[in-house]
Amino acid sequence: MTLIREQPTATSIFHRDHLFIGGEWVKPAGSKRIDIIDPASEQVVGSVPEANQADADRAIAAAVAAFTGPWRDLTYAERAEYLGRIADELEARSHDAAEAYIKDFGGIYAGGHAMAARSALHLRMHKKFAERLRDEPERLTIGGTEALLVQEPVGPVLGIVPWNTTFGISIVKIAPALLAGCPIVIKIAVESPMGSFVIADAIEAAGLPKGLVSFLPAPREALGDLTKRPEFRHISFTGSTPAGTEVMKDAADNVVDVTLELGGKSPGIILDDLDPAEHAPLVFAGTMGQAGQVCTTYSRLFVPRAKESAWRDSLTKFYASLVVGDPASPQTQVGPLVTANHRDKVESYIQIARDEGATILTGGGRPAHLSSGYYIEPTLVADVTSDMRIVREEIFGPVITLEAYDTEDEAITMANDTEYGLAGGIFTLDEERAIPLALRLEAGNISINLAASCLLLPFGGFKKSGIGVEGGFAGVEELLVWKQVQLRRTS
């Protein structure tokens, strides 16, 4: 389909001519631009500059200089005050954040209008974390040695942010870096760059000292070997497992620490105390949030075999009833996918499922009532086996498989039968019954009757879903290194 270019107004947040590098708006080194395409209309609603290697060099130089500058000499409490100011400025831009989420990414109205508030809460939680950090070395005696212990910032950080929820994930990386004393350069995916510009507006308005934050919206190849740059002392990557593997290899050449939050094929186990007719909506947030474009999506649902037929019927009716459409409408429950290419990828997996003998209970195509937009119907796939690609591989769309189990032990075994270990969910009327099962799941983030992502707590994956953690106080500690200064032997 031919894209329709809609001329942005001079005041549109979707048209920018400068990049935010080293805490300042600067002219880009090159002339290439990134079109902002509304996934619901397929219209070009604006454009932003595409960064290149010269822009990356400038951002890295700014981060290196800032690391040895006045920011490092501030106390944790003083840095935290800036986080609070950024939080205030983000909330003042809640409308812009929502517009970026809806028009740039295709996220639905409710999520967009909560984006700024959630990100501000994340920053304010990090402000509180400052109370748990020591500005002065701790003097102690242990094993006959008197010494000083101190935690110091690791150094300039490279953050790599994927296209799903650019806004929120950028804040997840910025907050701990700034509190720890680390300047950060963030590489932004070209599919949805707009959220980073709104954050940059807030950072500038908050008066953050220069040099500390840069955003580089660009395809990977345009920035050179960014992950091989020795100036970075930590790389925080969120994205696919194959891409994360390459980041880890590059970081190893310079012995650079990494935090990797990678892919998932997460299970959702429905226990036998739930009624299929009544409780099918419980799985909505965990399976259809952002049209399934969430790393923690419960893409594999497991139901008790004794109720399998009833669950097939109820989940089929429930998914078929969801309102698919304009993400700007408050009534919409499932919006579009991020790009035409990603929609094609998801459609290819649905066809693979058919070819492998699975049954499409509902969905499986593009909504007939929508003539434009990158939409896929909520799709429920049954009659699958554990070796099918639809069961093994991350799809990142509104495509959910359904399997039956005989015992809870079998459900846990089936749930853990994956190379991933990012998230998992259990649905039940009895929370206490669910807790022992949750502790047996091989994943870093488990929820009971909820969707599995709380980045105010340590968030990380098992197996091929990642290394290290983001979120919570532990995410700050990832960016601090210990130094010991031995003073004397006491015995």
# chains A, B, ... in the order shown; residues from 1 in each chain; ligands from 1

call {"tool": "closest_atom_pairs", "arguments": {"of": "region 270-364 of chain A", "to": "region 427-449 of chain A", "cutoff": "9 Å", "atoms": "only C-alpha atoms", "output": "CSV"}}
result
residue,atom,partner,partner_atom,distance
A:Ile270,CA,A:Phe427,CA,4.8
A:Leu271,CA,A:Thr428,CA,5.5
A:Asp272,CA,A:Thr428,CA,7.6
A:Asp273,CA,A:Thr428,CA,6.2
A:Leu274,CA,A:Thr428,CA,6.0
A:Leu282,CA,A:Asn449,CA,6.7
A:Val283,CA,A:Asn449,CA,7.7
A:Gly286,CA,A:Asn449,CA,8.9
A:Thr296,CA,A:Asn445,CA,8.4

call {"tool": "write_last_selection", "arguments": {"atoms": "C-alpha atoms", "output": "PDB file, in the first residue's frame"}}
result
ATOM      1  CA  ILE A 270      -4.862 -21.695  34.226  1.00  0.00           C
ATOM      2  CA  LEU A 271      -5.775 -23.803  37.273  1.00  0.00           C
ATOM      3  CA  ASP A 272      -8.877 -25.932  37.578  1.00  0.00           C
ATOM      4  CA  ASP A 273     -10.695 -23.687  40.059  1.00  0.00           C
ATOM      5  CA  LEU A 274     -11.462 -21.114  37.381  1.00  0.00           C
ATOM      6  CA  LEU A 282      -8.339 -12.715  33.207  1.00  0.00           C
ATOM      7  CA  VAL A 283      -5.783 -13.558  30.512  1.00  0.00           C
ATOM      8  CA  GLY A 286      -0.996 -10.935  29.754  1.00  0.00           C
ATOM      9  CA  THR A 296       6.543 -11.040  28.733  1.00  0.00           C
TER      10      THR A 296
END

call {"tool": "residues_around", "arguments": {"residues": "region 244-250 of chain A", "least_positions_apart": "3", "cutoff": "12 Å", "atoms": "only C-alpha atoms", "output": "number ranges by chain"}}
result
A: 158-162, 220, 225-230, 232, 234-241, 253-263, 464-467

call {"tool": "select_by_dssp", "arguments": {"residues": "region 57-188 of chain A", "states": "strand (DSSP E)", "output": "ChimeraX atom specification"}}
result
/A:138-142,145-153,157-161,184-188

call {"tool": "write_last_selection", "arguments": {"atoms": "N, CA, C and O atoms", "output": "short mmCIF file (atom, residue, chain, number, x, y, z; two decimals), in the first residue's frame"}}
result
data_model
loop_
_atom_site.label_atom_id
_atom_site.label_comp_id
_atom_site.auth_asym_id
_atom_site.auth_seq_id
_atom_site.Cartn_x
_atom_site.Cartn_y
_atom_site.Cartn_z
N GLU A 138 32.71 3.26 53.53
CA GLU A 138 32.42 2.58 54.80
C GLU A 138 33.72 2.03 55.37
O GLU A 138 34.46 1.33 54.68
N ARG A 139 34.02 2.37 56.63
CA ARG A 139 35.22 1.85 57.28
C ARG A 139 34.82 0.63 58.10
O ARG A 139 33.88 0.69 58.90
N LEU A 140 35.52 -0.48 57.90
CA LEU A 140 35.20 -1.68 58.65
C LEU A 140 36.46 -2.50 58.89
O LEU A 140 37.48 -2.32 58.22
N THR A 141 36.34 -3.38 59.85
CA THR A 141 37.42 -4.32 60.15
C THR A 141 36.87 -5.72 60.00
O THR A 141 35.83 -6.06 60.57
N ILE A 142 37.57 -6.52 59.23
CA ILE A 142 37.12 -7.88 58.97
C ILE A 142 38.34 -8.78 58.77
O ILE A 142 39.28 -8.42 58.06
N THR A 145 41.78 -7.22 59.07
CA THR A 145 42.14 -6.13 58.16
C THR A 145 41.17 -4.97 58.33
O THR A 145 39.95 -5.16 58.30
N GLU A 146 41.71 -3.77 58.51
CA GLU A 146 40.88 -2.58 58.50
C GLU A 146 40.91 -1.97 57.10
O GLU A 146 41.98 -1.85 56.49
N ALA A 147 39.75 -1.64 56.59
CA ALA A 147 39.69 -1.19 55.20
C ALA A 147 38.53 -0.22 55.01
O ALA A 147 37.65 -0.08 55.86
N LEU A 148 38.57 0.44 53.86
CA LEU A 148 37.45 1.25 53.39
C LEU A 148 36.80 0.54 52.22
O LEU A 148 37.49 -0.02 51.35
N LEU A 149 35.48 0.57 52.18
CA LEU A 149 34.73 0.04 51.05
C LEU A 149 33.88 1.15 50.48
O LEU A 149 33.19 1.88 51.20
N VAL A 150 33.89 1.27 49.15
CA VAL A 150 33.10 2.30 48.49
C VAL A 150 32.59 1.76 47.16
O VAL A 150 33.24 0.93 46.52
N GLN A 151 31.40 2.21 46.77
CA GLN A 151 30.86 1.89 45.46
C GLN A 151 30.99 3.12 44.57
O GLN A 151 30.65 4.24 44.97
N GLU A 152 31.48 2.90 43.35
CA GLU A 152 31.67 3.98 42.40
C GLU A 152 30.93 3.68 41.10
O GLU A 152 30.70 2.51 40.77
N PRO A 153 30.57 4.71 40.33
CA PRO A 153 29.90 4.47 39.04
C PRO A 153 30.81 3.73 38.09
O PRO A 153 32.02 3.99 38.04
N VAL A 157 27.55 4.50 29.96
CA VAL A 157 26.67 3.37 29.67
C VAL A 157 26.08 3.52 28.27
O VAL A 157 25.69 4.62 27.87
N LEU A 158 26.03 2.42 27.56
CA LEU A 158 25.30 2.35 26.30
C LEU A 158 23.99 1.63 26.55
O LEU A 158 23.97 0.48 26.99
N GLY A 159 22.87 2.30 26.29
CA GLY A 159 21.57 1.67 26.36
C GLY A 159 21.04 1.43 24.96
O GLY A 159 21.12 2.31 24.10
N ILE A 160 20.53 0.25 24.72
CA ILE A 160 19.95 -0.08 23.41
C ILE A 160 18.49 -0.45 23.64
O ILE A 160 18.18 -1.40 24.37
N VAL A 161 17.61 0.35 23.03
CA VAL A 161 16.18 0.27 23.31
C VAL A 161 15.45 -0.25 22.08
O VAL A 161 15.68 0.24 20.97
N ILE A 184 24.80 8.36 29.94
CA ILE A 184 24.23 7.29 29.14
C ILE A 184 23.94 7.77 27.73
O ILE A 184 23.45 8.87 27.51
N VAL A 185 24.28 6.91 26.77
CA VAL A 185 23.96 7.12 25.35
C VAL A 185 22.96 6.03 24.98
O VAL A 185 23.22 4.84 25.21
N ILE A 186 21.82 6.41 24.42
CA ILE A 186 20.79 5.44 24.11
C ILE A 186 20.59 5.35 22.61
O ILE A 186 20.30 6.36 21.94
N LYS A 187 20.74 4.15 22.09
CA LYS A 187 20.46 3.87 20.69
C LYS A 187 18.97 3.54 20.58
O LYS A 187 18.47 2.63 21.24
N ILE A 188 18.25 4.28 19.72
CA ILE A 188 16.81 4.18 19.59
C ILE A 188 16.46 3.49 18.27
O ILE A 188 17.01 3.82 17.21
#

call {"tool": "closest_residue", "arguments": {"among": "A:Arg305, A:Arg124, A:Lys103, A:Arg58", "to": "Val45 (chain A)", "atoms": "only C-alpha atoms"}}
result
A:Lys103

call {"tool": "atom_distance", "arguments": {"atom1": "CA of Val44 (chain A)", "atom2": "CA of Pro398 (chain A)"}}
result
24.5 Å

call {"tool": "residues_around", "arguments": {"residues": "Glu50 (chain A)", "least_positions_apart": "6", "cutoff": "8 Å", "atoms": "only C-alpha atoms", "output": "NGL selection string"}}
result
:A and (28 or 30-34 or 216-218)

call {"tool": "closest_residue", "arguments": {"among": "A:Thr165, A:Thr68, A:Gln486, A:Thr332", "to": "Gly211 (chain A)", "atoms": "only C-alpha atoms"}}
result
A:Thr68

call {"tool": "atom_distance", "arguments": {"atom1": "CA of Gly155 (chain A)", "atom2": "CA of Phe67 (chain A)"}}
result
6.5 Å

call {"tool": "closest_residue", "arguments": {"among": "A:Pro336, A:Pro458, A:Gly23, A:Gly365", "to": "Ala63 (chain A)", "atoms": "only C-alpha atoms"}}
result
A:Gly23

call {"tool": "residues_around", "arguments": {"residues": "region 385-393 of chain A", "least_positions_apart": "2", "cutoff": "10 Å", "atoms": "only C-alpha atoms", "output": "number ranges by chain"}}
result
A: 263-265, 299-300, 349-354, 356-358, 381-383, 395-396, 399-403, 414, 417-420

call {"tool": "closest_residue", "arguments": {"among": "A:Ser170, A:Ser348, A:Gln293, A:Thr413", "to": "Gly335 (chain A)", "atoms": "only C-alpha atoms"}}
result
A:Gln293

call {"tool": "residues_around", "arguments": {"residues": "Asp73 (chain A)", "least_positions_apart": "4", "cutoff": "12 Å", "atoms": "only C-alpha atoms", "output": "count of residues only"}}
result
15

call {"tool": "select_by_dssp", "arguments": {"residues": "region 370-473 of chain A", "states": "helix (DSSP H, G or I)", "output": "ChimeraX atom specification"}}
result
/A:389-392,408-416,431-438,472-473

call {"tool": "closest_residue", "arguments": {"among": "A:Gly292, A:Gly424, A:Pro49, A:Gly84", "to": "Ala206 (chain A)", "atoms": "only C-alpha atoms"}}
result
A:Gly84
